[in-house]
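Peer 1: I have a structure here, written as structure tokens, and I will follow up with some questions on it.
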Amino acid sequence: MLFSPYPKTKREELFDRDKELRELKEAVERGERLILLLGLRRLGKSSLLNVALNELTYPSIKVDVRKTYSELSSVNRYVIGKMLLSGMSGRKKLVEEAKLFLERVKGVSVSGLRLEITSKDFSITELLEALNEYGEKAGRVVIAFDEAQYLRFGGATRYDGILAYAIDNLENLTFILTGSEVGLLFDFLKFNDPEAPLFGRYHHDIALERFNPDLSREFLRMGFEETKFKVTEREIEGAVEELDGIPGWLSLYGYIRITRKLGHNEAMEEVLREAKAIAGNELSRLFNYSPRYRFILKAIALNYSRWKDIRDYLSLKLGPVNDSNFSALLENLVKAGYVEKKGGRYLIPDPVLAKVFREL
Ligand SMILES: Nc1ncnc2c1ncn2[C@@H]1O[C@H](COP(=O)(O)OP(=O)(O)O)[C@@H](O)[C@H]1O
Ligand SMILES: [Mg+2]
């Protein structure tokens, strides 16, 4: 279903994105080793990744790094190693073909179709080397890290160094990294830092944009048409005006209308309620870290767009704030994608979140 509220996996559930899907698949087929899939939350990065991995004939392993980090509070080498292995476990063809190579990795055991880490000697690099050998046989192995900026919490495991080694030496591997928090992802990868392991490495960036208004309307029409749910053009127009071209919000709106048989206004309120819950979840870590984030977001959502006006609003609410501290907090929000800086002004790029932030 076009409006299903989960990341898509099949081509027929993915609206548009032909160009990006082709670009991603062609980059893998060309043998590129590092591909970045970038864009705000809810634009469809995970969906596009899933569909691409499904359509490519190469074996692939995907790790949801954000989920892993939030569930296990760590992404050290054992954790990521475990996720890579469990991403392969149970896949008959893959395990049977790769078994020969994986058995040789220290600290990895293969029993039946199950792969496990069995000792402290385990090294990610060795696992990647084994997958590279398998990739020589299979044509290539694709390793995807969804929301890869969370790899920065590896502690003693330095994923930037591991990636650099793999990209330079393991020619049969392709890494696809997605990131909603684009600034944080680039901070972690440090392509421009001469001291950093990935300095100057080639990476193919694919940036997802929101749908333009025509496409957004078309998406809604198609999704409603699919289940023969009747809506008016005015409602479609209204939804696109409020939700913009963000596929995650558009599909949530459609899903709620169809499954709960709600009218336009009620569905819109539901979307906002959901957005509040989602935002609360996503932002709680940030707000725990500093309550100032809350008021900075609120100020920008209330259309204070200049550095100084935002700072003044914040000082009014929470007392005086040191300029460089304030700048650092604001910059963090930009890096995390909640705030965008355009022509010297700050704004909230997601209109639904902007509404939520106004009430913070
Ligand atoms: N092109 C698309 N066609 C249909 N639904 C989409 C599309 N892109 C995103 N969605 C829907 O929007 C929501 C967010 O998509 P997701 O892939 O999780 O985005 P991201 O990973 O960028 O945060 C999901 O419910 C997904 O089904
Ligand atoms: Mg995602």
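We label chains A, B, ... in the order they appear in the structure tokens, count residues from 1 in each chain, and number ligands from 1 in the order shown.
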Determine, counting only C-alpha atoms, which protein, DNA and RNA residues have an atom within 7 Å of an atom of region 79-85 of chain A; residues of the same chain fewer than 2 positions away are not included. Present the result as a PyMOL selection string.

Peer 2: chain A and resi 61+63+74-77+87-89+115-117+124

Peer 1: Which chains and residue numbers are within 7 Å of ligand 1, counting only C-alpha atoms and all ligand atoms, if I want them as a PDB file with C-alpha atoms, in the first residue's frame?

Peer 2:
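Below is the file part21.pdb, written as the result:
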ATOM      1  CA  LEU A   2       1.338   3.397  -1.042  1.00  0.00           C
ATOM      2  CA  PHE A   3       0.407   4.971   2.313  1.00  0.00           C
ATOM      3  CA  SER A   4       1.701   2.247   4.600  1.00  0.00           C
ATOM      4  CA  PRO A   5       3.397   3.998   7.520  1.00  0.00           C
ATOM      5  CA  TYR A   6       6.542   1.837   7.503  1.00  0.00           C
ATOM      6  CA  PRO A   7       9.657   2.042   5.372  1.00  0.00           C
ATOM      7  CA  LYS A   8       8.829   0.538   2.009  1.00  0.00           C
ATOM      8  CA  GLU A  13       4.944   0.752  -2.962  1.00  0.00           C
ATOM      9  CA  LEU A  14       7.511   3.458  -3.584  1.00  0.00           C
ATOM     10  CA  PHE A  15       6.120   6.530  -5.269  1.00  0.00           C
ATOM     11  CA  ASP A  16       8.388   8.324  -7.744  1.00  0.00           C
ATOM     12  CA  ARG A  17      12.120   8.312  -6.820  1.00  0.00           C
ATOM     13  CA  GLY A  39      18.172  14.048   3.495  1.00  0.00           C
ATOM     14  CA  LEU A  40      15.849  15.194   6.212  1.00  0.00           C
ATOM     15  CA  ARG A  41      13.930  12.694   8.281  1.00  0.00           C
ATOM     16  CA  ARG A  42      10.896  11.128   6.626  1.00  0.00           C
ATOM     17  CA  LEU A  43      11.929  11.848   3.039  1.00  0.00           C
ATOM     18  CA  GLY A  44      12.220   8.141   2.319  1.00  0.00           C
ATOM     19  CA  LYS A  45      15.908   7.249   2.678  1.00  0.00           C
ATOM     20  CA  SER A  46      15.292   3.910   4.387  1.00  0.00           C
ATOM     21  CA  SER A  47      12.574   3.092   1.873  1.00  0.00           C
ATOM     22  CA  LEU A  48      14.802   3.880  -1.074  1.00  0.00           C
ATOM     23  CA  SER A 180      19.123  12.295   8.471  1.00  0.00           C
ATOM     24  CA  PRO A 247       6.443  11.734   2.034  1.00  0.00           C
ATOM     25  CA  GLY A 248       6.407  10.563   5.657  1.00  0.00           C
ATOM     26  CA  TRP A 249       3.739  13.099   6.640  1.00  0.00           C
ATOM     27  CA  SER A 251       1.547   9.001   3.755  1.00  0.00           C
ATOM     28  CA  LEU A 252       0.702   9.219   7.450  1.00  0.00           C
TER      29      LEU A 252
END

Peer 1: Nearest to ligand 2 among A:Gly90, A:Gly179, A:Gly263, A:Gly238, with distances taken over only C-alpha atoms and all ligand atoms: which residue is it?

Peer 2: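 Checking each of A:Gly90, A:Gly179, A:Gly263, A:Gly238 against ligand 2, counting only C-alpha atoms and all ligand atoms, the winner is A:Gly179.
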
Peer 1: Would you list the contacts of region 149-151 of chain A as a PDB file with all heavy atoms, in the first residue's frame, taking every protein, DNA or RNA residue within 7 Å and counting only C-alpha atoms, but skipping same-chain residues closer than 6 positions in sequence?

Peer 2:
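out_38.pdb, freshly written:
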ATOM      1  N   VAL A  65      21.558   1.600  12.460  1.00  0.00           N
ATOM      2  CA  VAL A  65      22.486   1.989  13.528  1.00  0.00           C
ATOM      3  C   VAL A  65      21.767   2.778  14.632  1.00  0.00           C
ATOM      4  O   VAL A  65      22.063   2.626  15.805  1.00  0.00           O
ATOM      5  CB  VAL A  65      23.686   2.796  12.986  1.00  0.00           C
ATOM      6  CG1 VAL A  65      24.744   2.959  14.066  1.00  0.00           C
ATOM      7  CG2 VAL A  65      24.296   2.122  11.769  1.00  0.00           C
ATOM      8  N   ARG A  66      20.792   3.583  14.243  1.00  0.00           N
ATOM      9  CA  ARG A  66      20.060   4.346  15.266  1.00  0.00           C
ATOM     10  C   ARG A  66      19.308   3.415  16.213  1.00  0.00           C
ATOM     11  O   ARG A  66      19.356   3.572  17.434  1.00  0.00           O
ATOM     12  CB  ARG A  66      19.076   5.315  14.598  1.00  0.00           C
ATOM     13  CG  ARG A  66      18.188   6.047  15.623  1.00  0.00           C
ATOM     14  CD  ARG A  66      17.374   7.146  15.022  1.00  0.00           C
ATOM     15  NE  ARG A  66      16.557   6.678  13.910  1.00  0.00           N
ATOM     16  CZ  ARG A  66      15.928   7.472  13.064  1.00  0.00           C
ATOM     17  NH1 ARG A  66      16.025   8.778  13.176  1.00  0.00           N
ATOM     18  NH2 ARG A  66      15.191   6.979  12.091  1.00  0.00           N
ATOM     19  N   VAL A  75      27.490   1.060  20.205  1.00  0.00           N
ATOM     20  CA  VAL A  75      27.728   0.528  18.866  1.00  0.00           C
ATOM     21  C   VAL A  75      29.183   0.064  18.776  1.00  0.00           C
ATOM     22  O   VAL A  75      29.839   0.251  17.769  1.00  0.00           O
ATOM     23  CB  VAL A  75      27.397   1.547  17.745  1.00  0.00           C
ATOM     24  CG1 VAL A  75      25.904   1.766  17.642  1.00  0.00           C
ATOM     25  CG2 VAL A  75      28.105   2.879  17.961  1.00  0.00           C
ATOM     26  N   TYR A 159      35.053   3.697  13.586  1.00  0.00           N
ATOM     27  CA  TYR A 159      34.499   3.272  12.310  1.00  0.00           C
ATOM     28  C   TYR A 159      35.002   4.079  11.130  1.00  0.00           C
ATOM     29  O   TYR A 159      35.014   3.584  10.001  1.00  0.00           O
ATOM     30  CB  TYR A 159      32.964   3.283  12.365  1.00  0.00           C
ATOM     31  CG  TYR A 159      32.428   2.216  13.294  1.00  0.00           C
ATOM     32  CD1 TYR A 159      32.000   2.527  14.574  1.00  0.00           C
ATOM     33  CD2 TYR A 159      32.414   0.889  12.892  1.00  0.00           C
ATOM     34  CE1 TYR A 159      31.555   1.551  15.436  1.00  0.00           C
ATOM     35  CE2 TYR A 159      31.969  -0.101  13.748  1.00  0.00           C
ATOM     36  CZ  TYR A 159      31.545   0.234  15.015  1.00  0.00           C
ATOM     37  OH  TYR A 159      31.120  -0.743  15.861  1.00  0.00           O
ATOM     38  N   GLY A 179      21.871   9.107   6.205  1.00  0.00           N
ATOM     39  CA  GLY A 179      21.942  10.031   7.335  1.00  0.00           C
ATOM     40  C   GLY A 179      20.885  11.109   7.275  1.00  0.00           C
ATOM     41  O   GLY A 179      20.763  11.813   6.277  1.00  0.00           O
ATOM     42  N   GLU A 181      20.793  13.245   9.900  1.00  0.00           N
ATOM     43  CA  GLU A 181      21.502  14.331  10.572  1.00  0.00           C
ATOM     44  C   GLU A 181      22.784  14.565   9.793  1.00  0.00           C
ATOM     45  O   GLU A 181      23.871  14.141  10.176  1.00  0.00           O
ATOM     46  CB  GLU A 181      21.742  13.949  12.029  1.00  0.00           C
ATOM     47  CG  GLU A 181      20.419  13.587  12.704  1.00  0.00           C
ATOM     48  CD  GLU A 181      20.552  13.115  14.148  1.00  0.00           C
ATOM     49  OE1 GLU A 181      21.284  12.142  14.394  1.00  0.00           O
ATOM     50  OE2 GLU A 181      19.919  13.740  15.003  1.00  0.00           O
ATOM     51  N   LEU A 184      25.956  16.035  11.268  1.00  0.00           N
ATOM     52  CA  LEU A 184      26.611  15.117  12.205  1.00  0.00           C
ATOM     53  C   LEU A 184      27.321  13.991  11.452  1.00  0.00           C
ATOM     54  O   LEU A 184      28.399  13.556  11.842  1.00  0.00           O
ATOM     55  CB  LEU A 184      25.586  14.528  13.176  1.00  0.00           C
ATOM     56  CG  LEU A 184      24.991  15.518  14.165  1.00  0.00           C
ATOM     57  CD1 LEU A 184      23.916  14.848  15.012  1.00  0.00           C
ATOM     58  CD2 LEU A 184      26.079  16.093  15.061  1.00  0.00           C
ATOM     59  N   LEU A 185      26.703  13.539  10.364  1.00  0.00           N
ATOM     60  CA  LEU A 185      27.330  12.475   9.575  1.00  0.00           C
ATOM     61  C   LEU A 185      28.662  12.965   9.000  1.00  0.00           C
ATOM     62  O   LEU A 185      29.681  12.273   9.075  1.00  0.00           O
ATOM     63  CB  LEU A 185      26.388  12.017   8.459  1.00  0.00           C
ATOM     64  CG  LEU A 185      26.915  10.885   7.576  1.00  0.00           C
ATOM     65  CD1 LEU A 185      27.173   9.615   8.390  1.00  0.00           C
ATOM     66  CD2 LEU A 185      25.951  10.574   6.428  1.00  0.00           C
ATOM     67  N   PHE A 188      31.359  13.256  11.518  1.00  0.00           N
ATOM     68  CA  PHE A 188      31.895  11.947  11.862  1.00  0.00           C
ATOM     69  C   PHE A 188      32.847  11.435  10.773  1.00  0.00           C
ATOM     70  O   PHE A 188      33.922  10.913  11.056  1.00  0.00           O
ATOM     71  CB  PHE A 188      30.724  10.979  12.093  1.00  0.00           C
ATOM     72  CG  PHE A 188      31.058   9.523  11.949  1.00  0.00           C
ATOM     73  CD1 PHE A 188      32.000   8.921  12.774  1.00  0.00           C
ATOM     74  CD2 PHE A 188      30.420   8.752  10.983  1.00  0.00           C
ATOM     75  CE1 PHE A 188      32.301   7.560  12.632  1.00  0.00           C
ATOM     76  CE2 PHE A 188      30.720   7.404  10.842  1.00  0.00           C
ATOM     77  CZ  PHE A 188      31.673   6.817  11.663  1.00  0.00           C
TER      78      PHE A 188
END

Peer 1: Write out as a list in words each polymer residue whose atoms come within 9 Å of Leu177 (chain A), counting only C-alpha atoms; drop sequence neighbours fewer than 5 positions from it.

Peer 2: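 Neighbouring residues, sequence-local ones excluded: Leu34, Ile35, Leu36, Leu37, Leu38, Ile143, Ala144, Phe145, Asp146, Glu147, Ala148 and Gln149 of chain A.
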
Peer 1: Deliver the residues from the most recent selection as a file, using all heavy atoms, as a compact mmCIF listing (two decimals), in the first residue's frame.

Peer 2:
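Writing the result to out14.txt gives the following:
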# COMPACT_ATOMS: atom_id res chain seq x y z
N LEU A 34 31.75 3.80 -1.70
CA LEU A 34 31.11 4.57 -0.62
C LEU A 34 30.03 5.47 -1.20
O LEU A 34 30.31 6.38 -1.99
CB LEU A 34 32.16 5.40 0.13
CG LEU A 34 31.61 6.22 1.31
CD1 LEU A 34 30.95 5.34 2.35
CD2 LEU A 34 32.71 7.06 1.94
N ILE A 35 28.81 5.20 -0.80
CA ILE A 35 27.67 5.97 -1.30
C ILE A 35 26.91 6.51 -0.10
O ILE A 35 26.66 5.79 0.87
CB ILE A 35 26.72 5.07 -2.13
CG1 ILE A 35 27.50 4.42 -3.30
CG2 ILE A 35 25.53 5.86 -2.65
CD1 ILE A 35 26.75 3.29 -3.97
N LEU A 36 26.60 7.80 -0.14
CA LEU A 36 25.85 8.41 0.97
C LEU A 36 24.45 8.79 0.49
O LEU A 36 24.30 9.39 -0.58
CB LEU A 36 26.57 9.68 1.46
CG LEU A 36 28.04 9.57 1.83
CD1 LEU A 36 28.54 10.92 2.38
CD2 LEU A 36 28.29 8.47 2.85
N LEU A 37 23.47 8.43 1.28
CA LEU A 37 22.08 8.74 0.97
C LEU A 37 21.61 9.74 2.03
O LEU A 37 21.47 9.38 3.20
CB LEU A 37 21.29 7.43 1.05
CG LEU A 37 19.93 7.32 0.43
CD1 LEU A 37 19.92 7.85 -0.98
CD2 LEU A 37 19.51 5.86 0.44
N LEU A 38 21.41 10.98 1.58
CA LEU A 38 21.24 12.06 2.56
C LEU A 38 19.88 12.73 2.45
O LEU A 38 19.29 12.78 1.38
CB LEU A 38 22.33 13.12 2.31
CG LEU A 38 23.76 12.60 2.26
CD1 LEU A 38 24.70 13.65 1.69
CD2 LEU A 38 24.22 12.16 3.65
N ILE A 143 27.09 -3.38 2.01
CA ILE A 143 26.87 -3.24 3.45
C ILE A 143 26.27 -1.86 3.70
O ILE A 143 26.86 -0.84 3.34
CB ILE A 143 28.20 -3.38 4.21
CG1 ILE A 143 28.77 -4.78 3.92
CG2 ILE A 143 27.99 -3.17 5.72
CD1 ILE A 143 30.15 -5.00 4.47
N ALA A 144 25.06 -1.86 4.25
CA ALA A 144 24.36 -0.58 4.44
C ALA A 144 24.24 -0.26 5.92
O ALA A 144 23.83 -1.11 6.72
CB ALA A 144 22.98 -0.65 3.80
N PHE A 145 24.63 0.95 6.28
CA PHE A 145 24.42 1.45 7.64
C PHE A 145 23.38 2.55 7.58
O PHE A 145 23.64 3.64 7.07
CB PHE A 145 25.74 1.97 8.22
CG PHE A 145 26.75 0.90 8.52
CD1 PHE A 145 27.94 0.81 7.79
CD2 PHE A 145 26.50 -0.04 9.53
CE1 PHE A 145 28.86 -0.20 8.07
CE2 PHE A 145 27.43 -1.04 9.81
CZ PHE A 145 28.61 -1.13 9.08
N ASP A 146 22.19 2.25 8.09
CA ASP A 146 21.11 3.22 8.07
C ASP A 146 21.27 4.14 9.29
O ASP A 146 21.47 3.67 10.40
CB ASP A 146 19.76 2.48 8.12
CG ASP A 146 18.60 3.33 7.60
OD1 ASP A 146 18.86 4.46 7.13
OD2 ASP A 146 17.45 2.86 7.67
N GLU A 147 21.19 5.44 9.06
CA GLU A 147 21.46 6.46 10.09
C GLU A 147 22.87 6.27 10.67
O GLU A 147 23.07 6.11 11.87
CB GLU A 147 20.38 6.45 11.19
CG GLU A 147 18.96 6.75 10.68
CD GLU A 147 18.77 8.17 10.13
OE1 GLU A 147 19.72 8.98 10.17
OE2 GLU A 147 17.65 8.47 9.65
N ALA A 148 23.82 6.35 9.75
CA ALA A 148 25.21 6.02 10.06
C ALA A 148 25.89 7.02 10.99
O ALA A 148 26.94 6.72 11.57
CB ALA A 148 26.01 5.89 8.77
N GLN A 149 25.29 8.21 11.18
CA GLN A 149 25.93 9.17 12.09
C GLN A 149 26.05 8.62 13.51
O GLN A 149 26.89 9.06 14.27
CB GLN A 149 25.20 10.53 12.07
CG GLN A 149 23.81 10.56 12.65
CD GLN A 149 22.75 10.11 11.65
OE1 GLN A 149 23.06 9.68 10.54
NE2 GLN A 149 21.48 10.18 12.04

Peer 1: Give me the residues within 10 Å of Asp309 (chain A) as a list in words, counting only C-alpha atoms and dropping any in the same chain fewer than 6 places off.

Peer 2: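 Contacts, with the query itself left out: Ala299, Ile300, Asn303 and Ser315 of chain A.
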
Peer 1: For the selection you just gave me, I'd like the residues written to a file as a PDB file, in the first residue's frame, keeping N, CA and C atoms.

Peer 2:
ATOM      1  N   ALA A 299      11.669  29.472  19.472  1.00  0.00           N
ATOM      2  CA  ALA A 299      11.891  30.814  18.918  1.00  0.00           C
ATOM      3  C   ALA A 299      11.881  30.776  17.390  1.00  0.00           C
ATOM      4  N   ILE A 300      12.604  29.808  16.823  1.00  0.00           N
ATOM      5  CA  ILE A 300      12.690  29.746  15.360  1.00  0.00           C
ATOM      6  C   ILE A 300      11.321  29.383  14.764  1.00  0.00           C
ATOM      7  N   ASN A 303       9.130  32.133  14.208  1.00  0.00           N
ATOM      8  CA  ASN A 303       9.634  33.026  13.157  1.00  0.00           C
ATOM      9  C   ASN A 303      10.679  34.045  13.586  1.00  0.00           C
ATOM     10  N   SER A 315      17.340  34.333  25.985  1.00  0.00           N
ATOM     11  CA  SER A 315      17.738  34.980  27.253  1.00  0.00           C
ATOM     12  C   SER A 315      16.518  35.449  28.027  1.00  0.00           C
TER      13      SER A 315
END

Peer 1: Write out as a list in words all residues of region 150-340 of chain A that backbone DSSP assigns to strand (DSSP E).

Peer 2: Leu173, Thr174, Phe175, Ile176, Leu177, Thr178, Gly179, His204, Asp205, Ile206, Ala207 and Glu340 of chain A

Peer 1: Would you output that residue set with N, CA, C and O atoms, as a CSV table (one decimal), in the first residue's frame?

Peer 2:
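Final file, out.csv:
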chain,number,residue,atom,x,y,z
A,173,LEU,N,33.6,-4.7,-1.8
A,173,LEU,CA,32.6,-4.2,-0.9
A,173,LEU,C,32.1,-2.8,-1.3
A,173,LEU,O,32.8,-2.0,-1.7
A,174,THR,N,30.7,-2.6,-1.2
A,174,THR,CA,30.2,-1.3,-1.3
A,174,THR,C,29.5,-0.9,0.0
A,174,THR,O,28.7,-1.7,0.5
A,175,PHE,N,29.8,0.3,0.5
A,175,PHE,CA,29.1,0.7,1.7
A,175,PHE,C,28.1,1.8,1.3
A,175,PHE,O,28.4,2.7,0.6
A,176,ILE,N,26.9,1.6,1.8
A,176,ILE,CA,25.9,2.7,1.6
A,176,ILE,C,25.5,3.2,3.0
A,176,ILE,O,25.2,2.5,3.9
A,177,LEU,N,25.8,4.5,3.2
A,177,LEU,CA,25.5,5.1,4.5
A,177,LEU,C,24.3,6.1,4.3
A,177,LEU,O,24.4,6.9,3.4
A,178,THR,N,23.3,6.0,5.2
A,178,THR,CA,22.2,7.0,5.1
A,178,THR,C,22.4,7.9,6.3
A,178,THR,O,23.0,7.5,7.3
A,179,GLY,N,21.9,9.1,6.2
A,179,GLY,CA,21.9,10.0,7.3
A,179,GLY,C,20.9,11.1,7.3
A,179,GLY,O,20.8,11.8,6.3
A,204,HIS,N,30.0,9.1,-3.3
A,204,HIS,CA,29.0,9.5,-4.2
A,204,HIS,C,27.7,9.8,-3.3
A,204,HIS,O,27.2,9.0,-2.6
A,205,ASP,N,27.4,11.1,-3.4
A,205,ASP,CA,26.3,11.6,-2.5
A,205,ASP,C,25.0,11.6,-3.3
A,205,ASP,O,24.9,12.1,-4.4
A,206,ILE,N,23.9,11.0,-2.7
A,206,ILE,CA,22.6,11.2,-3.3
A,206,ILE,C,21.7,11.9,-2.3
A,206,ILE,O,21.5,11.4,-1.2
A,207,ALA,N,21.2,13.0,-2.6
A,207,ALA,CA,20.4,13.8,-1.7
A,207,ALA,C,19.0,13.7,-2.0
A,207,ALA,O,18.6,13.9,-3.2
A,340,GLU,N,17.4,24.8,9.6
A,340,GLU,CA,18.2,25.1,8.4
A,340,GLU,C,18.7,26.5,8.4
A,340,GLU,O,17.9,27.4,8.9

Peer 1: Between A:Tyr338, A:Phe295, A:Trp307, A:Phe229, single out the one closest to Ser324 (chain A), counting only C-alpha atoms.

Peer 2: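 Answer, going by the shortest atom-to-atom distance: A:Trp307.
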
Peer 1: Report as JSON, numbers by chain: the residues of region 13-83 of chain A with a DSSP assignment of alpha helix (DSSP H), based on the backbone of this structure.

Peer 2: {"A": [18, 19, 20, 21, 22, 23, 24, 25, 26, 27, 28, 29, 45, 46, 47, 48, 49, 50, 51, 52, 53, 54, 55, 65, 66, 67, 68, 69, 70, 71, 72, 77, 78, 79, 80, 81, 82, 83]}

Peer 1: Counting only C-alpha atoms, what is within 12 Å of Ser327 (chain A), bar same-chain residues fewer than 2 positions away, as a PyMOL selection string?

Peer 2: chain A and resi 292-293+296+306-308+310-311+314+321-325+329-334+346

Peer 1: Excluding same-chain residues fewer than 3 positions from Glu237 (chain A), what lies within 12 Å of it counting only C-alpha atoms, as an mmCIF file with C-alpha atoms, in the first residue's frame?

Peer 2:
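Saved result, selection_31.cif, follows:
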data_model
loop_
_atom_site.group_PDB
_atom_site.id
_atom_site.type_symbol
_atom_site.label_atom_id
_atom_site.label_comp_id
_atom_site.auth_asym_id
_atom_site.auth_seq_id
_atom_site.Cartn_x
_atom_site.Cartn_y
_atom_site.Cartn_z
ATOM 1 C CA PRO A 213 3.628 20.311 -4.980
ATOM 2 C CA ASP A 214 2.521 18.575 -8.190
ATOM 3 C CA LEU A 215 4.125 15.303 -7.165
ATOM 4 C CA SER A 216 2.749 15.598 -3.637
ATOM 5 C CA ARG A 217 -0.787 15.985 -4.951
ATOM 6 C CA GLU A 218 -0.234 13.104 -7.357
ATOM 7 C CA PHE A 219 1.050 10.924 -4.525
ATOM 8 C CA LEU A 220 -2.045 11.611 -2.432
ATOM 9 C CA ARG A 221 -4.415 11.050 -5.363
ATOM 10 C CA VAL A 231 -11.406 12.835 -1.187
ATOM 11 C CA THR A 232 -11.883 16.253 -2.717
ATOM 12 C CA GLU A 233 -9.260 18.245 -4.600
ATOM 13 C CA ARG A 234 -9.591 20.933 -1.944
ATOM 14 C CA VAL A 240 -0.101 19.523 0.626
ATOM 15 C CA GLU A 241 -0.147 23.083 1.883
ATOM 16 C CA GLU A 242 0.257 21.968 5.482
ATOM 17 C CA LEU A 243 2.441 18.902 5.084
ATOM 18 C CA ASP A 244 4.535 20.143 2.174
ATOM 19 C CA GLY A 245 6.216 17.449 0.086
ATOM 20 C CA LEU A 250 1.761 12.761 3.402
ATOM 21 C CA HIS A 264 -9.652 16.003 6.516
#

Peer 1: Grab the CA of Ala166 (chain A) to CA of Ser123 (chain A) distance for me, in Å with one decimal place.

Peer 2: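 The value is 13.1 Å.
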
Peer 1: Of the candidates A:Leu49, A:Leu198, A:Val95, A:Val271, which shows the shortest atom-to-atom distance to ligand 2, using only C-alpha atoms and all ligand atoms?

Peer 2: A:Leu49
